[in-house]
Each structure stands twice: as structure tokens, then as C-alpha cells.
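A.B. asks: Got a structure for you, written out below as C-alpha cells; questions coming shortly.
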Amino acid sequence: MNSDFSHSSGLNSLPAIANKKDFEELYREYWQRLYDFALAKTHNKDVAEEIVQDLFVTIWEKRNELKITSIQSYLFVSVRNRVITYFKQKIFADLDTASDSVAPDYPLFLDELEATLQAALGQLPQKTRDIFLLNRFEGKSAHEISEKLRIPERTVEYHITQALRQLKSLLRNTTTILVAIISSITF
Amino acid sequence: MSKENFYTLLSRYKSGKCTDQEKRLVEQWFAILDEEIPERSIQENGVLEERIWNAIQEETEAEKPAIVSVFWKWAAAAMVILALGWGGYRFQSVQNPASTSSATVAKENFYTETNHSDVIKTIELPDSSEIQLSPNSSISYEPRFDGVRREVYLEGKAFFHVKRNTERPFFVHTGEIVTKVLGTSFWVNGGDHNSAIEVSVVTGKVSVSEHGKANSAKTSKIKDGVILTANQRVKYTTQTHSFETGLVSNPIPVATDKKGKPFEGSFVFEDNSFSDVIGRLEKAYGIEIILEDETFTGCLFTGNITRQPLFTKLDLLCSSVNASYEVRGTRILISGKGCAVTNLNPTPDMR
């Protein structure tokens, strides 16, 4: 699962940004997919806008250092990291206290979360789950997945729709507190 | 509590030091976050594309991160000086409160206490909350103080130590803004009503918003106000109806031990990873610190930085790894090139 992804992948050689024109082209080509990706995850237009804006500002500031083989995966990984930071900050603001240590029930919490997610994702057929994660976690489009896995695009779309439908009903029926947290921080 | 655990999980994931299980859990959680995206018309899409592009343009034309950082430090320092120097101002707005504020209209039957002296005056409210009222400032409240909401009206500057009572929220009205207290201690500094109002939080959490929505300007990105936690401050500019958040000039540790006493742990490190050190600071001060690059994972830090103020700690830490930090809003961003990985076998420890 996700074996082709790593944080350092694709930072070797470049189509680096030489000037404002390259930069604008990059923006025009990707902004919408990145924005939609951020919006689908954060459910907040202002945040999604800020994430895209902040990402491109960072790219411009670091344009001389950036050496990117796969600009696209870099962009999506960056958005994903920013979305996770957003949630981290959101939960942080919601905490009553800040404690210096890992809570004693943390391992238990991990097990519960694992069980909840397994209850949902584990019920999906392997192929559906793999396609779903490629699409939802790595931000790959149905078209890209179809090329990668050499299966028709329509099949990919079918798997994604199936996954979403099954997950919705499964998560709705799960009464674990974890679902409550997951949904309470994603309102 | 699960929320804290979830926070721990995301922190560990972000620091790049987590187990395979933790990594997988975050990835799966992230995958199911999706919600339907509302349809946009071609026009809406175009507007959005240009708006984001313009914002990017604006920021990339004036690319001066170093100056931003200096500005913020300076702004924070200036705030304290203003706050200290404020007592010397002639206080003129008591008799002529802001007419725009509905709050001041209702003040007629209120009990008002004004500090005419030149020293801070301590006032205890009926609910045993404590107010340290600065010179030339005044505070009013309903004499019985037994409503569903505890409400006080401040002119000038005061430090509040509010008795926690979740059933009766505590509100401070200052000019055009309302500070809602969620059990805590904090400063409110409203000058005369032409100037800015500042709220700085020492402990706990408050929310600051405008009185009436009718007055709120569309230019402000934050429409309904802001939530502040310890070591954060907000400056409200009356003219533009805008909130600007930042950090207080000298953040103090906020973490408490089990008895609720302030955290007095030491910051002594010996070959600790840079991200661990930052994680300790983050938790102790309740301030989010972002490492711009994951390459910091390879950096190690040794030293005792217990006695230094937070910003000095950061200066020392950053200089040890050739990085720099800047305060961006209520967060601190550390950027640099990181270190070569010296530890080739980073076993994730669960502490």
C-alpha cells in the first residue's frame, strides 16, 4: 500500500522555475486540482484558498533550491502536508490543556483507531482499497490511476465510487468514539 | 482523552518519527476525510483563480521573510511598551463612551468602578473573579452579577483572572469588541475608541469578536472573530474592523502538571533530535512550531536552555543548525537546510 510514495521521492532533477512566466504556468495548470483536493479534505473554502496560496508562495521563495522530477506529486504531497498541519492546529486549539507527555492510553487509542479504520477500509476488496487510497491519499486522478495500473479509466471510477459508498454507510453505523472525533474535527 | 491522543498522533506523523502503524493510520484517516465539493460555475472558477493568483503575486513581489520576522518581534515589543505607557494617557472616554456600541447604552444602571489612582487596583467580582484595573481605567457590571452571562464593560486596560464556570460564560465588552472567556487569565487593552484594542492571553482560552455583525467590514478575512489560546494576542483595529493575531512578546510555558501548577520542567538536551526539542517547546508553550523541512530530523541538539526566554531558546536552537525562525501569525516557522542524516537507524520510540 502506498509503496511508491515516500517523502523524499522526486527531489532529484528538475524542471525548476526560472522566471515568473514558468511560475504562472505552473499555477494555471495545477491550481484547480490542488484547490479541489484541499477543499475536499478541509471542507473549508478559506482554508483551501490559503493552502494553495501558501504553497505557491513557498514554491516561488524556494524556486532556486527546488529540483523536482515529479512536480505533480510534490504539489499534492505539499497540499496533503498542509492539510494535516491544518487539522493538527485545529485540534490543538480545541484542547483544554497542553501536556508534555504522551498519554498512557495512547497505544490503546491507536488500537481503537486501527480497529475503526479497519472495520471500514478492511471490508473493501483489496483492489478497491488500493485504488481508493491512490486517489484519496495521493491525489491521483482516475486517469492517472488507469495508466498506472493499466486498467480502464471507467473501472477506476467504479472502484472509487464503490469505496465511497461502502465507507459512508460503514462509518455511519460505527458508534465508536473515534468516529465522533474524526467528524467533530472535520466539521 | 482521544483528542489529545489524536493530536499526539498527528504531531508524531508530522515530525517524521512515527511507527509504520501510526503512518498507516494517518494515511487512512486522511483518505476518508473527503466531502463532496460544491459545483462552481465557470465564472466563479475564474474569479477564484484570479483571486488566489493575485494574493500569490502580492506576496511574491515583496519577498522579505527576514523583515517579516523582525517586524513581528518589533511589533510584539511595541505592544508591551504601549501597554506600559498607556497609564500615562489622559483618560477621556469614560464620560463619553462609544456611541456605536450597544453595550455602552445598557450601562446606565450598572455599577461602575474607576481607578483614579496611579497604581493598579484589584477588584473582586461577586463570582470571585479578579480584575486588576490599570490607572485611568474603569469597569462596569450589573450590581447583582447573577445573570446567565457574566458581563463586564471595560474602558481602558485591565488584567482578568476569571473564575471558571462553564454554565455562566464571562464576557468583556470593550468598544466594538467582545471577548468571551472560556476560564482563564488575560489582558484587555482598549485605548480611546479611535485606537486599537488588544487582548493577550496568559492562560486558558478566549474568543474575541465584534459586537454587532452590522458593523463588520467585508474586508476582514476573519468574519466572526478569533479564538486565542495562551501566549497569543490579537489586535483589533477599530477603523478597519480587522483582527490581527500574533504572539505575545515573551511567551511563558503554559503546560501544567497534574495538580494544575505551571510547568517548570527543564529544557536540558543531550543529543536529542531537533524535532524532539521543538516538540517539547511546542507543548510547553502551547505554540505551534512548524519545521518547514523534514530534513531537520537528522539534526541533534545538546544544551541546557531552561532559563532562556522562548525567543532566545529559538535563536540558540536555530543557530546550532543554521536555520532561522519567524513568527507568522500565531505560529512559528523554522526554515533551513536541515542536517545530513547521522542516525541511520532511527527506531521510533514510544516514550
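Residues are referred to by chain and number: the chain letter is A, B, ... according to the order shown in the C-alpha cells, the number counts from 1 in that chain, and ligands are numbered separately from 1 in the order shown.
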Select from chain B every residue with an atom at most 7 Å from any atom of chain A, then for each give the shortest pair of atoms and their distance in Å to one decimal, using only C-alpha atoms, rows by chain and rising number, as a tab-separated table.
C.D. replies:
residue	atom	partner	partner_atom	distance
B:Ser2	CA	A:Phe109	CA	6.9
B:Lys3	CA	A:Ile181	CA	6.8
B:Glu4	CA	A:Leu95	CA	6.9
B:Asn5	CA	A:Tyr106	CA	5.7
B:Tyr7	CA	A:Lys88	CA	6.0
B:Thr8	CA	A:Val102	CA	6.8
B:Leu10	CA	A:Lys88	CA	6.1
B:Leu25	CA	A:Glu114	CA	6.4
B:Glu27	CA	A:Phe137	CA	6.6
B:Phe30	CA	A:Phe137	CA	6.5
B:Ala31	CA	A:Arg136	CA	4.8
B:Leu33	CA	A:Lys41	CA	5.4
B:Asp34	CA	A:Ala40	CA	4.9
B:Glu35	CA	A:Ala40	CA	5.1
B:Glu36	CA	A:Ala40	CA	6.3
B:Ile37	CA	A:Ala40	CA	5.8
B:Ile52	CA	A:Gln53	CA	6.0
B:Ala55	CA	A:Gln53	CA	6.9
B:Ile56	CA	A:Gln53	CA	5.6
B:Glu59	CA	A:Val57	CA	6.7
B:Thr60	CA	A:Val57	CA	6.0
B:Thr229	CA	A:Ala93	CA	6.9
B:Ala255	CA	A:Ala98	CA	5.2
B:Thr256	CA	A:Ser99	CA	6.7
B:Arg280	CA	A:Asp100	CA	6.8
B:Lys283	CA	A:Asp100	CA	5.6
B:Ala284	CA	A:Asp100	CA	6.3
B:Gly286	CA	A:Ala98	CA	6.3
A.B. asks: Would you list, as a PyMOL selection string, the residues of range 232-320 of chain B that end up in alpha helix (DSSP H) under DSSP run on this structure's backbone?
C.D. replies: chain B and resi 274-285+310-320
A.B. asks: Take CA of Gly303 in chain B and CA of Leu9 in chain B and report the distance between them in Å, one decimal.
C.D. replies: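 CA of Gly303 in chain B sits 27.2 Å away from CA of Leu9 in chain B.
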A.B. asks: Within 9 Å of Ile227 in chain B, counting only C-alpha atoms, which residues qualify if same-chain residues fewer than 2 places away don't, as an mmCIF file with C-alpha atoms, in the first residue's frame?
C.D. replies:
data_model
loop_
_atom_site.group_PDB
_atom_site.id
_atom_site.type_symbol
_atom_site.label_atom_id
_atom_site.label_comp_id
_atom_site.auth_asym_id
_atom_site.auth_seq_id
_atom_site.Cartn_x
_atom_site.Cartn_y
_atom_site.Cartn_z
ATOM 1 C CA ALA A 93 -6.798 24.982 19.521
ATOM 2 C CA LYS B 205 -8.620 30.356 26.039
ATOM 3 C CA VAL B 206 -10.755 33.300 24.958
ATOM 4 C CA SER B 207 -12.686 34.207 21.866
ATOM 5 C CA VAL B 208 -12.705 37.768 20.586
ATOM 6 C CA SER B 209 -15.320 39.055 18.184
ATOM 7 C CA GLY B 225 -13.562 36.935 15.347
ATOM 8 C CA THR B 229 -5.032 30.413 23.454
#
A.B. asks: Skip range 148-158 of chain A itself and residues of its chain fewer than 5 positions away, then list as a PDB file with C-alpha atoms, in the first residue's frame all residues within 7 Å of it, counting only C-alpha atoms.
C.D. replies:
ATOM      1  CA  ILE A 131      -7.387   2.421  -5.952  1.00  0.00           C
ATOM      2  CA  ALA A 142      -8.770   8.355 -12.208  1.00  0.00           C
ATOM      3  CA  HIS A 143      -6.917   8.840 -15.473  1.00  0.00           C
TER       4      HIS A 143
END
